[in-house]
Amino acid sequence: MAKVRDELAGIVVSATNAIHPTRDLVFVFVPEKFRRQGVGTALVNAVKTRRGVPLSVKAHPGTVAHSFYKSLGAVRYQLCPPERIDASHAEVRRWASENRSEAVCAGDRFTLPQLTEAWTDMYAVVHATWSPTGPRETLLAEFGPMINEELDQSRTILVLRDGRITAACFVFGTDQDPEVEAICESIDPTSASAREDVAACMAKVLTDAGSTPVMFDGHTTDPHFYPILQDIPVVA
(Lines give C-alpha, C1' and ligand atoms only; values in the text may rest on other atoms or scores of the structure.)
Protein backbone atom coordinates (compact mmCIF):
# COMPACT_ATOMS: atom_id res chain seq x y z
CA MET A 1 0.00 0.00 0.00
CA ALA A 2 1.00 3.64 -0.39
CA LYS A 3 0.60 6.43 2.13
CA VAL A 4 0.85 10.19 1.82
CA ARG A 5 1.21 11.99 5.16
CA ASP A 6 -0.23 8.94 6.96
CA GLU A 7 -3.25 8.88 4.63
CA LEU A 8 -3.88 5.78 2.54
CA ALA A 9 -3.14 6.81 -1.06
CA GLY A 10 -3.44 3.50 -2.84
CA ILE A 11 -3.29 -0.25 -2.65
CA VAL A 12 -2.19 -3.00 -5.01
CA VAL A 13 -2.93 -6.71 -4.77
CA SER A 14 -1.01 -9.24 -6.82
CA ALA A 15 -2.06 -12.87 -6.73
CA THR A 16 -1.09 -16.13 -8.34
CA ASN A 17 -3.76 -17.21 -10.81
CA ALA A 18 -4.49 -20.87 -10.10
CA ILE A 19 -6.61 -21.19 -13.25
CA HIS A 20 -4.07 -19.47 -15.54
CA PRO A 21 -0.69 -20.01 -13.83
CA THR A 22 1.38 -18.34 -16.57
CA ARG A 23 0.12 -14.89 -15.46
CA ASP A 24 -0.41 -13.21 -12.10
CA LEU A 25 -3.51 -11.16 -11.41
CA VAL A 26 -3.11 -7.54 -10.38
CA PHE A 27 -5.65 -5.13 -8.87
CA VAL A 28 -4.88 -1.47 -8.19
CA PHE A 29 -6.97 1.12 -6.36
CA VAL A 30 -6.00 4.76 -5.94
CA PRO A 31 -8.47 7.31 -4.53
CA GLU A 32 -9.28 10.07 -7.01
CA LYS A 33 -7.47 12.76 -5.01
CA PHE A 34 -4.18 10.86 -5.37
CA ARG A 35 -4.42 9.96 -9.04
CA ARG A 36 -2.00 11.27 -11.68
CA GLN A 37 0.71 11.61 -9.05
CA GLY A 38 2.62 8.40 -9.79
CA VAL A 39 1.09 6.45 -6.91
CA GLY A 40 -0.46 3.71 -9.05
CA THR A 41 2.68 3.34 -11.14
CA ALA A 42 4.84 2.96 -8.04
CA LEU A 43 2.49 0.33 -6.64
CA VAL A 44 2.55 -1.74 -9.83
CA ASN A 45 6.33 -1.45 -10.09
CA ALA A 46 6.56 -2.77 -6.54
CA VAL A 47 4.83 -6.05 -7.39
CA LYS A 48 5.54 -6.70 -11.06
CA THR A 49 8.69 -8.72 -10.41
CA ARG A 50 7.21 -10.74 -7.55
CA ARG A 51 7.21 -14.00 -9.54
CA GLY A 52 8.73 -12.92 -12.81
CA VAL A 53 5.59 -13.65 -14.86
CA PRO A 54 3.41 -11.14 -16.74
CA LEU A 55 0.63 -9.38 -14.86
CA SER A 56 -2.92 -9.76 -16.08
CA VAL A 57 -5.95 -7.55 -15.58
CA LYS A 58 -9.37 -7.01 -17.12
CA ALA A 59 -10.36 -3.47 -18.07
CA HIS A 60 -13.12 -1.97 -20.20
CA PRO A 61 -12.01 0.43 -22.98
CA GLY A 62 -12.73 4.05 -22.14
CA THR A 63 -12.45 3.58 -18.39
CA VAL A 64 -9.91 5.17 -16.04
CA ALA A 65 -8.47 1.72 -15.33
CA HIS A 66 -8.00 1.01 -19.04
CA SER A 67 -6.15 4.30 -19.58
CA PHE A 68 -4.01 3.71 -16.51
CA TYR A 69 -2.84 0.25 -17.54
CA LYS A 70 -2.17 1.40 -21.09
CA SER A 71 -0.01 4.21 -19.71
CA LEU A 72 2.13 1.55 -18.04
CA GLY A 73 2.68 -0.19 -21.37
CA ALA A 74 -0.02 -2.83 -21.03
CA VAL A 75 -0.98 -4.57 -24.27
CA ARG A 76 -4.23 -6.29 -25.05
CA TYR A 77 -3.79 -10.03 -25.35
CA GLN A 78 -7.47 -10.90 -25.65
CA LEU A 79 -10.75 -9.22 -26.48
CA CYS A 80 -13.99 -10.37 -24.90
CA PRO A 81 -16.83 -8.62 -26.73
CA PRO A 82 -20.21 -9.77 -25.39
CA GLU A 83 -23.03 -9.58 -27.92
CA ARG A 84 -26.62 -8.91 -26.85
CA ILE A 85 -29.02 -10.45 -29.36
CA ASP A 86 -32.75 -9.87 -29.66
CA ALA A 87 -33.95 -13.47 -29.77
CA SER A 88 -37.38 -12.39 -31.03
CA HIS A 89 -36.01 -10.67 -34.16
CA ALA A 90 -37.36 -12.31 -37.31
CA GLU A 91 -33.91 -12.74 -38.87
CA VAL A 92 -32.54 -14.27 -35.67
CA ARG A 93 -35.46 -16.70 -35.53
CA ARG A 94 -34.83 -17.64 -39.16
CA TRP A 95 -31.14 -18.23 -38.48
CA ALA A 96 -31.96 -20.34 -35.43
CA SER A 97 -34.41 -22.43 -37.44
CA GLU A 98 -31.81 -23.06 -40.15
CA ASN A 99 -29.20 -24.19 -37.63
CA ARG A 100 -31.27 -26.41 -35.37
CA SER A 101 -30.29 -30.04 -34.85
CA GLU A 102 -31.87 -33.14 -33.39
CA ALA A 103 -28.57 -33.88 -31.62
CA VAL A 104 -29.12 -31.21 -28.95
CA CYS A 105 -30.35 -31.96 -25.45
CA ALA A 106 -30.94 -30.01 -22.25
CA GLY A 107 -28.41 -29.84 -19.46
CA ASP A 108 -30.78 -31.31 -16.89
CA ARG A 109 -30.19 -34.65 -18.58
CA PHE A 110 -26.78 -34.67 -16.91
CA THR A 111 -25.57 -34.47 -13.32
CA LEU A 112 -23.85 -31.35 -12.02
CA PRO A 113 -20.50 -33.18 -11.77
CA GLN A 114 -20.84 -34.21 -15.44
CA LEU A 115 -21.59 -30.62 -16.41
CA THR A 116 -18.60 -29.41 -14.38
CA GLU A 117 -16.42 -31.84 -16.34
CA ALA A 118 -17.85 -30.58 -19.64
CA TRP A 119 -17.40 -26.91 -18.67
CA THR A 120 -13.80 -27.60 -17.64
CA ASP A 121 -13.11 -29.31 -20.96
CA MET A 122 -14.61 -26.40 -22.89
CA TYR A 123 -12.78 -23.79 -20.83
CA ALA A 124 -9.44 -25.49 -21.51
CA VAL A 125 -10.18 -25.59 -25.26
CA VAL A 126 -11.08 -21.90 -25.41
CA HIS A 127 -7.94 -20.77 -23.56
CA ALA A 128 -5.41 -23.27 -24.91
CA THR A 129 -3.76 -21.00 -27.50
CA TRP A 130 -3.39 -17.81 -25.48
CA SER A 131 -3.73 -18.46 -21.73
CA PRO A 132 -3.10 -22.12 -20.87
CA THR A 133 -4.96 -23.46 -17.88
CA GLY A 134 -3.65 -25.09 -14.74
CA PRO A 135 -4.00 -28.72 -13.63
CA ARG A 136 -7.39 -30.25 -14.31
CA GLU A 137 -8.02 -31.02 -10.64
CA THR A 138 -7.49 -27.34 -9.82
CA LEU A 139 -10.00 -26.27 -12.46
CA LEU A 140 -12.59 -28.80 -11.29
CA ALA A 141 -12.26 -27.56 -7.72
CA GLU A 142 -12.64 -23.93 -8.85
CA PHE A 143 -15.52 -24.49 -11.25
CA GLY A 144 -17.57 -26.98 -9.23
CA PRO A 145 -19.14 -24.41 -6.87
CA MET A 146 -19.87 -22.02 -9.78
CA ILE A 147 -21.67 -24.73 -11.75
CA ASN A 148 -23.60 -25.83 -8.64
CA GLU A 149 -24.71 -22.32 -7.71
CA GLU A 150 -25.04 -20.39 -10.96
CA LEU A 151 -25.75 -22.76 -13.85
CA ASP A 152 -29.28 -23.07 -15.20
CA GLN A 153 -29.35 -26.76 -16.10
CA SER A 154 -32.68 -26.72 -17.88
CA ARG A 155 -31.69 -23.90 -20.26
CA THR A 156 -28.14 -25.16 -20.82
CA ILE A 157 -27.89 -26.93 -24.18
CA LEU A 158 -25.45 -29.65 -25.23
CA VAL A 159 -24.80 -31.83 -28.25
CA LEU A 160 -24.37 -35.52 -27.62
CA ARG A 161 -22.73 -37.74 -30.24
CA ASP A 162 -21.87 -41.40 -29.67
CA GLY A 163 -22.49 -40.92 -25.97
CA ARG A 164 -20.07 -37.99 -25.69
CA ILE A 165 -20.75 -34.28 -25.15
CA THR A 166 -19.14 -32.60 -28.18
CA ALA A 167 -20.39 -29.01 -27.80
CA ALA A 168 -22.23 -26.96 -25.21
CA CYS A 169 -23.90 -23.66 -24.53
CA PHE A 170 -23.88 -23.06 -20.80
CA VAL A 171 -26.59 -20.73 -19.52
CA PHE A 172 -26.13 -18.95 -16.19
CA GLY A 173 -28.61 -17.15 -13.97
CA THR A 174 -32.36 -17.69 -13.61
CA ASP A 175 -35.36 -17.27 -15.85
CA GLN A 176 -36.20 -14.13 -13.84
CA ASP A 177 -33.11 -12.30 -15.14
CA PRO A 178 -33.67 -9.61 -17.81
CA GLU A 179 -31.44 -11.47 -20.28
CA VAL A 180 -29.97 -14.91 -20.90
CA GLU A 181 -26.22 -15.17 -20.25
CA ALA A 182 -24.72 -17.86 -22.49
CA ILE A 183 -21.20 -19.17 -23.12
CA CYS A 184 -20.76 -21.59 -25.99
CA GLU A 185 -18.04 -23.58 -27.75
CA SER A 186 -17.02 -27.01 -28.98
CA ILE A 187 -15.56 -29.47 -26.51
CA ASP A 188 -13.95 -31.40 -29.36
CA PRO A 189 -12.72 -28.68 -31.76
CA THR A 190 -11.16 -31.21 -34.15
CA SER A 191 -14.49 -32.94 -34.78
CA ALA A 192 -15.85 -32.69 -38.31
CA SER A 193 -19.18 -31.59 -36.85
CA ALA A 194 -17.74 -29.03 -34.40
CA ARG A 195 -19.06 -25.93 -36.18
CA GLU A 196 -22.44 -27.50 -36.80
CA ASP A 197 -22.72 -28.56 -33.16
CA VAL A 198 -21.84 -25.14 -31.76
CA ALA A 199 -24.31 -23.45 -34.11
CA ALA A 200 -27.00 -25.91 -33.04
CA CYS A 201 -26.41 -25.11 -29.36
CA MET A 202 -26.60 -21.38 -30.01
CA ALA A 203 -29.72 -21.80 -32.16
CA LYS A 204 -31.52 -23.77 -29.47
CA VAL A 205 -30.67 -21.23 -26.75
CA LEU A 206 -31.95 -18.42 -28.98
CA THR A 207 -35.14 -20.32 -29.77
CA ASP A 208 -35.81 -21.15 -26.12
CA ALA A 209 -35.18 -17.54 -25.07
CA GLY A 210 -38.38 -16.37 -26.77
CA SER A 211 -38.55 -12.62 -26.33
CA THR A 212 -35.73 -12.47 -23.76
CA PRO A 213 -32.44 -11.05 -25.11
CA VAL A 214 -29.45 -13.39 -25.14
CA MET A 215 -26.03 -12.13 -24.05
CA PHE A 216 -23.45 -14.36 -25.71
CA ASP A 217 -20.05 -13.99 -24.04
CA GLY A 218 -16.76 -15.17 -25.48
CA HIS A 219 -13.45 -14.25 -27.08
CA THR A 220 -12.42 -13.24 -30.57
CA THR A 221 -10.18 -16.31 -30.75
CA ASP A 222 -12.88 -18.83 -29.86
CA PRO A 223 -12.49 -21.31 -32.74
CA HIS A 224 -16.15 -21.82 -33.57
CA PHE A 225 -18.33 -19.61 -31.39
CA TYR A 226 -16.98 -16.26 -32.54
CA PRO A 227 -17.11 -16.93 -36.32
CA ILE A 228 -20.62 -18.32 -35.93
CA LEU A 229 -21.68 -15.28 -33.92
CA GLN A 230 -20.69 -13.07 -36.86
CA ASP A 231 -23.02 -15.07 -39.11
CA ILE A 232 -26.13 -14.21 -37.11
CA PRO A 233 -27.85 -11.59 -39.29
CA VAL A 234 -28.34 -8.86 -36.66
CA VAL A 235 -24.74 -8.94 -35.43
CA ALA A 236 -22.78 -5.99 -36.88
# chains A, B, ... in the order shown; residues from 1 in each chain; ligands from 1

$ residues_around --residues "segment 152-158 of chain A" --least-positions-apart "3" --cutoff "7 Å" --atoms "only C-alpha atoms" --output "PyMOL selection string"
chain A and resi 104-108+165+167-174+201+205

$ write_last_selection --atoms "N, CA and C atoms" --output "tab-separated table (two decimals), in the first residue's frame"
chain	number	residue	atom	x	y	z
A	104	VAL	N	-29.22	-32.00	-30.17
A	104	VAL	CA	-29.12	-31.21	-28.95
A	104	VAL	C	-29.97	-31.81	-27.84
A	105	CYS	N	-29.57	-31.54	-26.61
A	105	CYS	CA	-30.35	-31.96	-25.45
A	105	CYS	C	-30.13	-30.97	-24.32
A	106	ALA	N	-31.02	-30.96	-23.36
A	106	ALA	CA	-30.94	-30.01	-22.25
A	106	ALA	C	-29.96	-30.49	-21.19
A	107	GLY	N	-29.41	-29.53	-20.48
A	107	GLY	CA	-28.41	-29.84	-19.46
A	107	GLY	C	-28.94	-30.63	-18.28
A	108	ASP	N	-30.25	-30.57	-18.04
A	108	ASP	CA	-30.78	-31.31	-16.89
A	108	ASP	C	-30.81	-32.81	-17.14
A	165	ILE	N	-20.40	-35.68	-24.96
A	165	ILE	CA	-20.75	-34.28	-25.15
A	165	ILE	C	-19.70	-33.66	-26.06
A	167	ALA	N	-20.26	-30.47	-27.80
A	167	ALA	CA	-20.39	-29.01	-27.80
A	167	ALA	C	-21.40	-28.63	-26.73
A	168	ALA	N	-21.31	-27.38	-26.27
A	168	ALA	CA	-22.23	-26.96	-25.21
A	168	ALA	C	-22.44	-25.47	-25.25
A	169	CYS	N	-23.62	-25.06	-24.78
A	169	CYS	CA	-23.90	-23.66	-24.53
A	169	CYS	C	-24.41	-23.58	-23.10
A	170	PHE	N	-23.55	-23.12	-22.22
A	170	PHE	CA	-23.88	-23.06	-20.80
A	170	PHE	C	-24.63	-21.76	-20.51
A	171	VAL	N	-25.76	-21.88	-19.85
A	171	VAL	CA	-26.59	-20.73	-19.52
A	171	VAL	C	-26.54	-20.51	-18.01
A	172	PHE	N	-26.26	-19.28	-17.60
A	172	PHE	CA	-26.13	-18.95	-16.19
A	172	PHE	C	-27.25	-17.99	-15.77
A	173	GLY	N	-27.56	-18.03	-14.48
A	173	GLY	CA	-28.61	-17.15	-13.97
A	173	GLY	C	-29.93	-17.88	-13.82
A	174	THR	N	-31.02	-17.11	-13.75
A	174	THR	CA	-32.36	-17.69	-13.61
A	174	THR	C	-33.27	-17.14	-14.70
A	201	CYS	N	-26.24	-25.52	-30.75
A	201	CYS	CA	-26.41	-25.11	-29.36
A	201	CYS	C	-26.88	-23.66	-29.27
A	205	VAL	N	-30.57	-22.22	-27.83
A	205	VAL	CA	-30.67	-21.23	-26.75
A	205	VAL	C	-31.46	-20.01	-27.21

$ residues_around --residues "segment 12-20 of chain A" --least-positions-apart "2" --cutoff "7 Å" --atoms "only C-alpha atoms" --output "JSON, numbers by chain"
{"A": [1, 10, 22, 23, 24, 25, 26, 27, 28, 29, 43, 44, 47, 131, 132, 133, 134, 139]}

$ residues_around --residues "Pro189 of chain A" --least-positions-apart "2" --cutoff "12 Å" --atoms "only C-alpha atoms" --output "ChimeraX atom specification"
/A:121-126,128,165-168,185-187,191-198,222-225

$ closest_residue --among "A:Val214, A:Arg136, A:Ala59, A:Asp6" --to "Cys80 of chain A" --atoms "only C-alpha atoms"
A:Ala59

$ residues_around --residues "Glu83 of chain A" --least-positions-apart "5" --cutoff "7 Å" --atoms "only C-alpha atoms" --output "MDAnalysis selection string"
chainID A and resid 215:217

$ write_last_selection --atoms "C-alpha atoms" --output "mmCIF file, in the first residue's frame"
data_model
loop_
_atom_site.group_PDB
_atom_site.id
_atom_site.type_symbol
_atom_site.label_atom_id
_atom_site.label_comp_id
_atom_site.auth_asym_id
_atom_site.auth_seq_id
_atom_site.Cartn_x
_atom_site.Cartn_y
_atom_site.Cartn_z
ATOM 1 C CA MET A 215 -26.030 -12.134 -24.053
ATOM 2 C CA PHE A 216 -23.445 -14.358 -25.705
ATOM 3 C CA ASP A 217 -20.049 -13.988 -24.042
#

$ select_by_dssp --residues "segment 42-190 of chain A" --states "alpha helix (DSSP H)" --output "PyMOL selection string"
chain A and resi 42-47+64-71+90-98+112-127+136-150

$ select_by_dssp --residues "segment 11-124 of chain A" --states "strand (DSSP E or B)" --output "list of chain:residue names"
A:Ile11, A:Val12, A:Val13, A:Ser14, A:Ala15, A:Thr16, A:Asp24, A:Leu25, A:Val26, A:Phe27, A:Val28, A:Phe29, A:Leu55, A:Ser56, A:Glu83, A:Arg84, A:Ile85, A:Val104, A:Cys105, A:Ala106

$ write_last_selection --atoms "N, CA and C atoms" --output "short mmCIF file (atom, residue, chain, number, x, y, z; two decimals), in the first residue's frame"
data_model
loop_
_atom_site.label_atom_id
_atom_site.label_comp_id
_atom_site.auth_asym_id
_atom_site.auth_seq_id
_atom_site.Cartn_x
_atom_site.Cartn_y
_atom_site.Cartn_z
N ILE A 11 -3.58 1.13 -3.02
CA ILE A 11 -3.29 -0.25 -2.65
C ILE A 11 -3.20 -1.10 -3.90
N VAL A 12 -2.31 -2.07 -3.90
CA VAL A 12 -2.19 -3.00 -5.01
C VAL A 12 -2.22 -4.41 -4.43
N VAL A 13 -2.90 -5.29 -5.15
CA VAL A 13 -2.93 -6.71 -4.77
C VAL A 13 -2.48 -7.52 -5.97
N SER A 14 -1.49 -8.35 -5.77
CA SER A 14 -1.01 -9.24 -6.82
C SER A 14 -1.20 -10.67 -6.32
N ALA A 15 -1.75 -11.52 -7.17
CA ALA A 15 -2.06 -12.87 -6.73
C ALA A 15 -1.76 -13.89 -7.81
N THR A 16 -1.29 -15.04 -7.40
CA THR A 16 -1.09 -16.13 -8.34
C THR A 16 -2.44 -16.57 -8.87
N ASP A 24 0.10 -13.61 -13.41
CA ASP A 24 -0.41 -13.21 -12.10
C ASP A 24 -1.48 -12.14 -12.27
N LEU A 25 -2.47 -12.19 -11.41
CA LEU A 25 -3.51 -11.16 -11.41
C LEU A 25 -3.00 -9.93 -10.66
N VAL A 26 -3.47 -8.76 -11.09
CA VAL A 26 -3.11 -7.54 -10.38
C VAL A 26 -4.35 -6.65 -10.27
N PHE A 27 -4.53 -6.05 -9.12
CA PHE A 27 -5.65 -5.13 -8.87
C PHE A 27 -5.08 -3.89 -8.18
N VAL A 28 -5.40 -2.73 -8.73
CA VAL A 28 -4.88 -1.47 -8.19
C VAL A 28 -6.05 -0.54 -7.87
N PHE A 29 -5.98 0.09 -6.70
CA PHE A 29 -6.97 1.12 -6.36
C PHE A 29 -6.26 2.34 -5.80
N LEU A 55 1.83 -9.70 -15.64
CA LEU A 55 0.63 -9.38 -14.86
C LEU A 55 -0.57 -9.32 -15.80
N SER A 56 -1.71 -9.71 -15.28
CA SER A 56 -2.92 -9.76 -16.08
C SER A 56 -4.04 -9.02 -15.37
N GLU A 83 -22.07 -10.01 -26.89
CA GLU A 83 -23.03 -9.58 -27.92
C GLU A 83 -24.45 -9.84 -27.43
N ARG A 84 -25.23 -8.78 -27.30
CA ARG A 84 -26.62 -8.91 -26.85
C ARG A 84 -27.52 -9.04 -28.08
N ILE A 85 -28.23 -10.15 -28.17
CA ILE A 85 -29.02 -10.45 -29.36
C ILE A 85 -30.51 -10.51 -29.00
N VAL A 104 -29.22 -32.00 -30.17
CA VAL A 104 -29.12 -31.21 -28.95
C VAL A 104 -29.97 -31.81 -27.84
N CYS A 105 -29.57 -31.54 -26.61
CA CYS A 105 -30.35 -31.96 -25.45
C CYS A 105 -30.13 -30.97 -24.32
N ALA A 106 -31.02 -30.96 -23.36
CA ALA A 106 -30.94 -30.01 -22.25
C ALA A 106 -29.96 -30.49 -21.19
#

$ atom_distance --atom1 "atom CA of Ser88 of chain A" --atom2 "atom CA of Ile228 of chain A"
18.4 Å

$ residues_around --residues "segment 89-95 of chain A" --least-positions-apart "2" --cutoff "12 Å" --atoms "only C-alpha atoms" --output "NGL selection string"
:A and (84-87 or 97-100 or 199-200 or 202-214 or 228-235)

$ closest_residue --among "A:Ala96, A:Thr138, A:Thr41, A:Pro54" --to "Ser71 of chain A" --atoms "only C-alpha atoms"
A:Thr41

$ atom_distance --atom1 "atom CA of Leu140 of chain A" --atom2 "atom CA of Pro21 of chain A"
15.0 Å

$ atom_distance --atom1 "atom CA of Gly144 of chain A" --atom2 "atom CA of Pro113 of chain A"
7.3 Å
